[in-house]
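Engineer: Got entry-v2.cif for you, mmCIF, C-alpha atoms, pLDDT in the B column; chains and numbers go by the auth columns:
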data_start
#
loop_
_atom_site.group_PDB
_atom_site.id
_atom_site.type_symbol
_atom_site.label_atom_id
_atom_site.label_comp_id
_atom_site.label_asym_id
_atom_site.label_seq_id
_atom_site.Cartn_x
_atom_site.Cartn_y
_atom_site.Cartn_z
_atom_site.B_iso_or_equiv
_atom_site.auth_seq_id
_atom_site.auth_asym_id
ATOM 1 C CA MET A 1 4.907 -22.291 52.229 42.00 15 I
ATOM 2 C CA THR A 2 4.685 -18.563 51.637 46.00 16 I
ATOM 3 C CA ALA A 3 5.435 -17.327 48.124 54.00 17 I
ATOM 4 C CA ALA A 4 8.156 -14.761 47.593 57.00 18 I
ATOM 5 C CA THR A 5 7.210 -11.208 46.792 56.00 19 I
ATOM 6 C CA PRO A 6 7.894 -10.317 43.162 58.00 20 I
ATOM 7 C CA PRO A 7 10.835 -7.957 42.669 61.00 21 I
ATOM 8 C CA VAL A 8 9.935 -4.303 42.971 70.00 22 I
ATOM 9 C CA SER A 9 11.913 -1.426 41.503 74.00 23 I
ATOM 10 C CA LEU A 10 12.920 0.475 44.621 74.00 24 I
ATOM 11 C CA PRO A 11 13.293 4.259 44.429 77.00 25 I
ATOM 12 C CA ASP A 12 16.450 6.231 45.129 79.00 26 I
ATOM 13 C CA LEU A 13 15.985 8.329 48.250 86.00 27 I
ATOM 14 C CA PRO A 14 18.248 10.903 49.901 82.00 28 I
ATOM 15 C CA GLY A 15 20.940 9.366 52.096 85.00 29 I
ATOM 16 C CA ASP A 16 19.977 11.358 55.181 90.00 30 I
ATOM 17 C CA LEU A 17 16.510 9.860 55.696 95.00 31 I
ATOM 18 C CA ARG A 18 15.978 7.771 58.838 97.00 32 I
ATOM 19 C CA PHE A 19 13.443 5.050 59.508 98.00 33 I
ATOM 20 C CA ALA A 20 12.088 3.449 62.689 98.00 34 I
ATOM 21 C CA PHE A 21 11.009 -0.145 63.254 97.00 35 I
ATOM 22 C CA VAL A 22 8.884 -0.907 66.328 97.00 36 I
ATOM 23 C CA GLU A 23 8.550 -4.594 67.161 95.00 37 I
ATOM 24 C CA ALA A 24 6.660 -6.507 69.799 93.00 38 I
ATOM 25 C CA SER A 25 8.684 -8.847 72.001 88.00 39 I
ATOM 26 C CA TRP A 26 5.855 -11.352 72.318 85.00 40 I
ATOM 27 C CA HIS A 27 6.710 -14.309 70.025 79.00 41 I
ATOM 28 C CA ALA A 28 10.043 -12.666 69.221 80.00 42 I
ATOM 29 C CA ASP A 29 11.307 -15.737 67.330 84.00 43 I
ATOM 30 C CA ILE A 30 8.556 -15.093 64.775 82.00 44 I
ATOM 31 C CA VAL A 31 8.285 -11.289 64.834 85.00 45 I
ATOM 32 C CA GLN A 32 12.025 -10.742 64.450 90.00 46 I
ATOM 33 C CA ARG A 33 11.856 -12.475 61.085 92.00 47 I
ATOM 34 C CA SER A 34 9.966 -9.445 59.762 90.00 48 I
ATOM 35 C CA ARG A 35 12.668 -7.131 61.137 96.00 49 I
ATOM 36 C CA ASP A 36 15.467 -9.149 59.553 96.00 50 I
ATOM 37 C CA ALA A 37 13.723 -9.237 56.172 96.00 51 I
ATOM 38 C CA PHE A 38 12.907 -5.527 56.489 96.00 52 I
ATOM 39 C CA PHE A 39 16.584 -4.698 57.008 97.00 53 I
ATOM 40 C CA ALA A 40 17.618 -6.863 54.050 96.00 54 I
ATOM 41 C CA GLU A 41 15.085 -5.276 51.705 95.00 55 I
ATOM 42 C CA MET A 42 15.897 -1.753 52.897 95.00 56 I
ATOM 43 C CA ALA A 43 19.577 -2.480 52.174 95.00 57 I
ATOM 44 C CA ARG A 44 18.571 -3.604 48.685 92.00 58 I
ATOM 45 C CA GLY A 45 16.840 -0.223 48.379 93.00 59 I
ATOM 46 C CA GLY A 46 19.995 1.617 49.423 93.00 60 I
ATOM 47 C CA VAL A 47 19.152 2.259 53.073 95.00 61 I
ATOM 48 C CA ALA A 48 21.991 1.250 55.397 94.00 62 I
ATOM 49 C CA ALA A 49 21.198 -0.444 58.701 96.00 63 I
ATOM 50 C CA GLU A 50 22.626 2.573 60.558 96.00 64 I
ATOM 51 C CA ARG A 51 19.693 4.638 59.263 96.00 65 I
ATOM 52 C CA ILE A 52 17.101 2.343 60.859 98.00 66 I
ATOM 53 C CA ASP A 53 16.365 2.534 64.575 98.00 67 I
ATOM 54 C CA VAL A 54 14.712 -0.463 66.255 98.00 68 I
ATOM 55 C CA PHE A 55 12.448 -0.076 69.271 97.00 69 I
ATOM 56 C CA ASP A 56 11.210 -3.066 71.267 97.00 70 I
ATOM 57 C CA VAL A 57 7.852 -3.023 73.024 96.00 71 I
ATOM 58 C CA PRO A 58 6.180 -5.742 75.095 93.00 72 I
ATOM 59 C CA GLY A 59 3.279 -6.454 72.735 89.00 73 I
ATOM 60 C CA ALA A 60 1.176 -5.167 69.856 88.00 74 I
ATOM 61 C CA PHE A 61 -0.948 -2.949 72.090 89.00 75 I
ATOM 62 C CA GLU A 62 2.090 -0.810 72.976 94.00 76 I
ATOM 63 C CA ILE A 63 3.126 -0.186 69.363 94.00 77 I
ATOM 64 C CA PRO A 64 0.822 2.771 68.472 95.00 78 I
ATOM 65 C CA LEU A 65 1.992 5.060 71.298 96.00 79 I
ATOM 66 C CA HIS A 66 5.646 4.446 70.436 97.00 80 I
ATOM 67 C CA VAL A 67 4.920 4.967 66.748 97.00 81 I
ATOM 68 C CA GLN A 68 3.107 8.208 67.521 97.00 82 I
ATOM 69 C CA ARG A 69 6.062 9.595 69.508 97.00 83 I
ATOM 70 C CA LEU A 70 8.501 8.574 66.801 98.00 84 I
ATOM 71 C CA ALA A 71 6.401 10.008 63.970 97.00 85 I
ATOM 72 C CA ALA A 72 5.789 13.269 65.844 97.00 86 I
ATOM 73 C CA SER A 73 9.534 13.672 66.519 97.00 87 I
ATOM 74 C CA GLY A 74 10.153 14.694 62.914 95.00 88 I
ATOM 75 C CA ARG A 75 13.241 12.469 62.803 97.00 89 I
ATOM 76 C CA TYR A 76 11.845 9.644 60.710 98.00 90 I
ATOM 77 C CA ALA A 77 10.725 9.477 57.081 97.00 91 I
ATOM 78 C CA ALA A 78 8.536 6.483 57.997 98.00 92 I
ATOM 79 C CA VAL A 79 7.816 4.188 60.941 98.00 93 I
ATOM 80 C CA VAL A 80 7.001 0.466 60.812 97.00 94 I
ATOM 81 C CA GLY A 81 5.189 -1.584 63.449 96.00 95 I
ATOM 82 C CA SER A 82 5.446 -5.378 63.632 93.00 96 I
ATOM 83 C CA ALA A 83 3.700 -7.832 65.936 90.00 97 I
ATOM 84 C CA LEU A 84 2.000 -11.198 66.113 84.00 98 I
ATOM 85 C CA VAL A 85 -1.391 -11.053 67.825 78.00 99 I
ATOM 86 C CA VAL A 86 -2.568 -14.544 68.734 75.00 100 I
ATOM 87 C CA ASP A 87 -5.785 -16.103 69.906 65.00 101 I
ATOM 88 C CA GLY A 88 -4.948 -17.060 73.452 59.00 102 I
ATOM 89 C CA GLY A 89 -8.531 -18.050 74.194 55.00 103 I
ATOM 90 C CA VAL A 90 -8.927 -15.304 76.797 57.00 104 I
ATOM 91 C CA TYR A 91 -9.693 -12.209 74.750 60.00 105 I
ATOM 92 C CA ARG A 92 -10.685 -11.326 71.220 65.00 106 I
ATOM 93 C CA HIS A 93 -7.344 -11.167 69.437 63.00 107 I
ATOM 94 C CA ASP A 94 -9.020 -9.851 66.294 68.00 108 I
ATOM 95 C CA PHE A 95 -10.284 -6.864 68.283 70.00 109 I
ATOM 96 C CA VAL A 96 -6.776 -6.142 69.601 76.00 110 I
ATOM 97 C CA ALA A 97 -5.244 -6.416 66.122 77.00 111 I
ATOM 98 C CA ALA A 98 -7.934 -4.205 64.569 81.00 112 I
ATOM 99 C CA SER A 99 -7.480 -1.599 67.314 86.00 113 I
ATOM 100 C CA VAL A 100 -3.712 -1.527 66.809 85.00 114 I
ATOM 101 C CA VAL A 101 -3.944 -1.230 63.024 89.00 115 I
ATOM 102 C CA GLN A 102 -6.595 1.516 63.296 92.00 116 I
ATOM 103 C CA ALA A 103 -4.412 3.404 65.776 93.00 117 I
ATOM 104 C CA LEU A 104 -1.459 3.151 63.375 93.00 118 I
ATOM 105 C CA MET A 105 -3.612 4.582 60.585 95.00 119 I
ATOM 106 C CA ASP A 106 -4.718 7.399 62.877 95.00 120 I
ATOM 107 C CA VAL A 107 -1.084 8.244 63.695 96.00 121 I
ATOM 108 C CA GLN A 108 -0.213 8.308 60.010 96.00 122 I
ATOM 109 C CA LEU A 109 -3.076 10.624 59.146 97.00 123 I
ATOM 110 C CA ARG A 110 -2.491 12.867 62.164 96.00 124 I
ATOM 111 C CA THR A 111 1.267 13.290 61.697 97.00 125 I
ATOM 112 C CA GLY A 112 1.647 12.995 57.935 96.00 126 I
ATOM 113 C CA VAL A 113 4.442 10.450 58.480 97.00 127 I
ATOM 114 C CA PRO A 114 3.941 7.099 56.735 97.00 128 I
ATOM 115 C CA VAL A 115 3.229 4.280 59.171 97.00 129 I
ATOM 116 C CA ILE A 116 3.560 0.796 57.736 96.00 130 I
ATOM 117 C CA SER A 117 1.898 -2.114 59.509 93.00 131 I
ATOM 118 C CA ALA A 118 3.346 -5.600 59.724 86.00 132 I
ATOM 119 C CA VAL A 119 0.946 -6.480 62.542 82.00 133 I
ATOM 120 C CA GLN A 120 -0.476 -9.928 61.854 74.00 134 I
ATOM 121 C CA ALA A 121 -3.305 -11.826 63.530 69.00 135 I
ATOM 122 C CA PRO A 122 -3.697 -15.365 62.203 63.00 136 I
ATOM 123 C CA HIS A 123 -7.154 -16.853 62.491 56.00 137 I
ATOM 124 C CA HIS A 124 -5.758 -19.637 64.657 61.00 138 I
ATOM 125 C CA PHE A 125 -2.394 -20.018 66.339 58.00 139 I
ATOM 126 C CA HIS A 126 -1.018 -23.397 67.291 56.00 140 I
ATOM 127 C CA GLU A 127 2.116 -23.932 69.368 67.00 141 I
ATOM 128 C CA HIS A 128 3.560 -26.612 67.131 57.00 142 I
ATOM 129 C CA VAL A 129 6.688 -26.624 65.010 67.00 143 I
ATOM 130 C CA GLU A 130 4.980 -26.591 61.616 67.00 144 I
ATOM 131 C CA HIS A 131 2.763 -23.609 62.414 58.00 145 I
ATOM 132 C CA ARG A 132 5.617 -21.642 63.960 70.00 146 I
ATOM 133 C CA ARG A 133 7.767 -22.371 60.893 78.00 147 I
ATOM 134 C CA PHE A 134 4.958 -21.212 58.598 68.00 148 I
ATOM 135 C CA LEU A 135 4.561 -17.978 60.583 70.00 149 I
ATOM 136 C CA GLN A 136 8.313 -17.342 60.567 75.00 150 I
ATOM 137 C CA GLN A 137 8.268 -17.581 56.765 80.00 151 I
ATOM 138 C CA HIS A 138 5.142 -15.445 56.601 72.00 152 I
ATOM 139 C CA PHE A 139 6.689 -12.760 58.802 76.00 153 I
ATOM 140 C CA ALA A 140 9.813 -12.720 56.625 87.00 154 I
ATOM 141 C CA LEU A 141 7.594 -12.010 53.631 91.00 155 I
ATOM 142 C CA LYS A 142 5.730 -9.303 55.566 92.00 156 I
ATOM 143 C CA GLY A 143 9.033 -7.654 56.506 93.00 157 I
ATOM 144 C CA GLN A 144 10.094 -7.567 52.872 94.00 158 I
ATOM 145 C CA GLU A 145 6.727 -6.129 51.860 94.00 159 I
ATOM 146 C CA ALA A 146 6.885 -3.564 54.677 95.00 160 I
ATOM 147 C CA ALA A 147 10.261 -2.327 53.437 96.00 161 I
ATOM 148 C CA GLN A 148 8.967 -2.029 49.891 95.00 162 I
ATOM 149 C CA ALA A 149 5.861 -0.189 51.071 95.00 163 I
ATOM 150 C CA CYS A 150 8.011 2.051 53.249 95.00 164 I
ATOM 151 C CA LEU A 151 10.362 3.081 50.440 95.00 165 I
ATOM 152 C CA LEU A 152 7.663 3.416 47.800 95.00 166 I
ATOM 153 C CA THR A 153 5.386 5.450 50.086 95.00 167 I
ATOM 154 C CA VAL A 154 8.155 7.839 51.132 96.00 168 I
ATOM 155 C CA ALA A 155 9.180 8.308 47.492 94.00 169 I
ATOM 156 C CA GLY A 156 5.567 8.785 46.440 95.00 170 I
ATOM 157 C CA LEU A 157 4.903 11.430 49.073 95.00 171 I
ATOM 158 C CA ARG A 158 8.102 13.250 48.160 94.00 172 I
ATOM 159 C CA ALA A 159 6.907 13.311 44.533 93.00 173 I
ATOM 160 C CA VAL A 160 3.500 14.656 45.613 96.00 174 I
ATOM 161 C CA ASP A 161 5.182 17.378 47.693 94.00 175 I
ATOM 162 C CA ALA A 162 7.423 18.366 44.761 93.00 176 I
ATOM 163 C CA ARG A 163 4.448 18.518 42.426 95.00 177 I
ATOM 164 C CA LEU A 164 2.411 20.590 44.858 95.00 178 I
ATOM 165 C CA ALA A 165 5.341 22.965 45.351 95.00 179 I
ATOM 166 C CA ALA A 166 5.534 23.453 41.579 94.00 180 I
ATOM 167 C CA LEU A 167 1.877 24.488 41.284 91.00 181 I
#
Can the structure from this file be put into structure tokens for me?
Structural biologist:
Amino acid sequence: MTAATPPVSLPDLPGDLRFAFVEASWHADIVQRSRDAFFAEMARGGVAAERIDVFDVPGAFEIPLHVQRLAASGRYAAVVGSALVVDGGVYRHDFVAASVVQALMDVQLRTGVPVISAVQAPHHFHEHVEHRRFLQQHFALKGQEAAQACLLTVAGLRAVDARLAAL
């Protein structure tokens, strides 16, 4: 069982900020748990669902290009990517996950728009009920944490910008 994230004091942000959530369709029954928890935690932080745009992609590998376009558009205060990368026995899933996460970091640094990763790659994936249930709970926790990171990072960068402007 995955432990709940301790409560975090979420910042007040302007009501006109928009956010994007890019999710992989592969293992949607698991990945969508992060989206649902993300929406719930963003609502707790004062961000209405109408201010969050969801984009579906086939798999984790397609997330960075979508995130890059969204971040470069200037329309979003932050972008989140969520996917489950599994060991299918054919390729190195850890390599795929590492490549995706590195690409997300590159987008963030290149655009200056926060990119939050909820891309997960369990060491082993088993197609049985107990493991799927565990991952659904885990992804719910990751969605909550992604929302907190999203709000806190946007608020933190806004504070940095205000401080720099005052110098």
Engineer: My list of candidates is I:Ser48, I:Ser113, I:Thr125, I:Gln134. Which is closest to Ala86 in chain I when distances are computed with only C-alpha atoms?
Structural biologist: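 Closest residue, counting only C-alpha atoms: I:Thr125.
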Engineer: Can you translate the PyMOL selection byres ((chain I and resi 156) around 12) into the concrete residues it hits in this file, as a CSV table (one decimal) with C-alpha atoms, in the frame of the given file?
Structural biologist:
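Written output follows (out32.csv):
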chain,number,residue,atom,x,y,z
I,16,THR,CA,4.7,-18.6,51.6
I,17,ALA,CA,5.4,-17.3,48.1
I,18,ALA,CA,8.2,-14.8,47.6
I,19,THR,CA,7.2,-11.2,46.8
I,44,ILE,CA,8.6,-15.1,64.8
I,45,VAL,CA,8.3,-11.3,64.8
I,46,GLN,CA,12.0,-10.7,64.4
I,47,ARG,CA,11.9,-12.5,61.1
I,48,SER,CA,10.0,-9.4,59.8
I,49,ARG,CA,12.7,-7.1,61.1
I,50,ASP,CA,15.5,-9.1,59.6
I,51,ALA,CA,13.7,-9.2,56.2
I,52,PHE,CA,12.9,-5.5,56.5
I,53,PHE,CA,16.6,-4.7,57.0
I,55,GLU,CA,15.1,-5.3,51.7
I,94,VAL,CA,7.0,0.5,60.8
I,95,GLY,CA,5.2,-1.6,63.4
I,96,SER,CA,5.4,-5.4,63.6
I,97,ALA,CA,3.7,-7.8,65.9
I,98,LEU,CA,2.0,-11.2,66.1
I,130,ILE,CA,3.6,0.8,57.7
I,131,SER,CA,1.9,-2.1,59.5
I,132,ALA,CA,3.3,-5.6,59.7
I,133,VAL,CA,0.9,-6.5,62.5
I,134,GLN,CA,-0.5,-9.9,61.9
I,149,LEU,CA,4.6,-18.0,60.6
I,150,GLN,CA,8.3,-17.3,60.6
I,151,GLN,CA,8.3,-17.6,56.8
I,152,HIS,CA,5.1,-15.4,56.6
I,153,PHE,CA,6.7,-12.8,58.8
I,154,ALA,CA,9.8,-12.7,56.6
I,155,LEU,CA,7.6,-12.0,53.6
I,157,GLY,CA,9.0,-7.7,56.5
I,158,GLN,CA,10.1,-7.6,52.9
I,159,GLU,CA,6.7,-6.1,51.9
I,160,ALA,CA,6.9,-3.6,54.7
I,161,ALA,CA,10.3,-2.3,53.4
I,162,GLN,CA,9.0,-2.0,49.9
I,163,ALA,CA,5.9,-0.2,51.1
I,164,CYS,CA,8.0,2.1,53.2
Engineer: With distances taken over all atoms listed in the file, which residue among I:Phe35, I:Tyr90, I:Phe75, I:Phe69 lies nearest Val127 in chain I?
Structural biologist: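 Of I:Phe35, I:Tyr90, I:Phe75, I:Phe69, the one nearest Val127 in chain I is I:Tyr90, counting all atoms listed in the file.
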Engineer: Please, what distance in Å, to one decimal, runs between CA of Val93 in chain I and CA of Arg177 in chain I?
Structural biologist: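 Those two atoms sit 23.7 Å apart.
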Engineer: Find the residues near Asp120 in chain I: any atom within 12 Å, counting all atoms listed in the file, skip ones fewer than 2 places away on the same chain, and give them as a PyMOL selection string.
Structural biologist: chain I and resi 78-79+81-82+85+113-118+122-130
Engineer: Please compute the CA of Arg65 in chain I-CA of Leu31 in chain I distance, one decimal, in Å.
Structural biologist: 7.1 Å
Engineer: Point out the residue among I:Val121, I:Val71, I:Leu24, I:Ala57 with the least atom-to-atom distance to Ala38 in chain I, counting all atoms listed in the file.
Structural biologist: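 For Ala38 in chain I, the nearest of the candidates is I:Val71.
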Engineer: What is the distance between CA of Gly73 in chain I and CA of Asp43 in chain I, in Å to one decimal?
Structural biologist: 13.4 Å
Engineer: Would you please work out which residue, of I:Ala91, I:Val99, I:Ala34, I:Leu27, is nearest to Gly60 in chain I when using only C-alpha atoms?
Structural biologist: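 Closest residue, counting only C-alpha atoms: I:Leu27.
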Engineer: Pick the closest to Phe33 in chain I from I:Leu171, I:Ala92, I:Ala62, I:Ile77: which is it, counting only C-alpha atoms?
Structural biologist: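 Of I:Leu171, I:Ala92, I:Ala62, I:Ile77, the one nearest Phe33 in chain I, counting only C-alpha atoms, is I:Ala92.
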Engineer: Calculated over all atoms listed in the file, which of the candidates I:Asp26, I:Ser87, I:Met119, I:Ala111 has the smallest distance to Ala173 in chain I?
Structural biologist: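 Smallest distance to Ala173 in chain I is found for I:Asp26.
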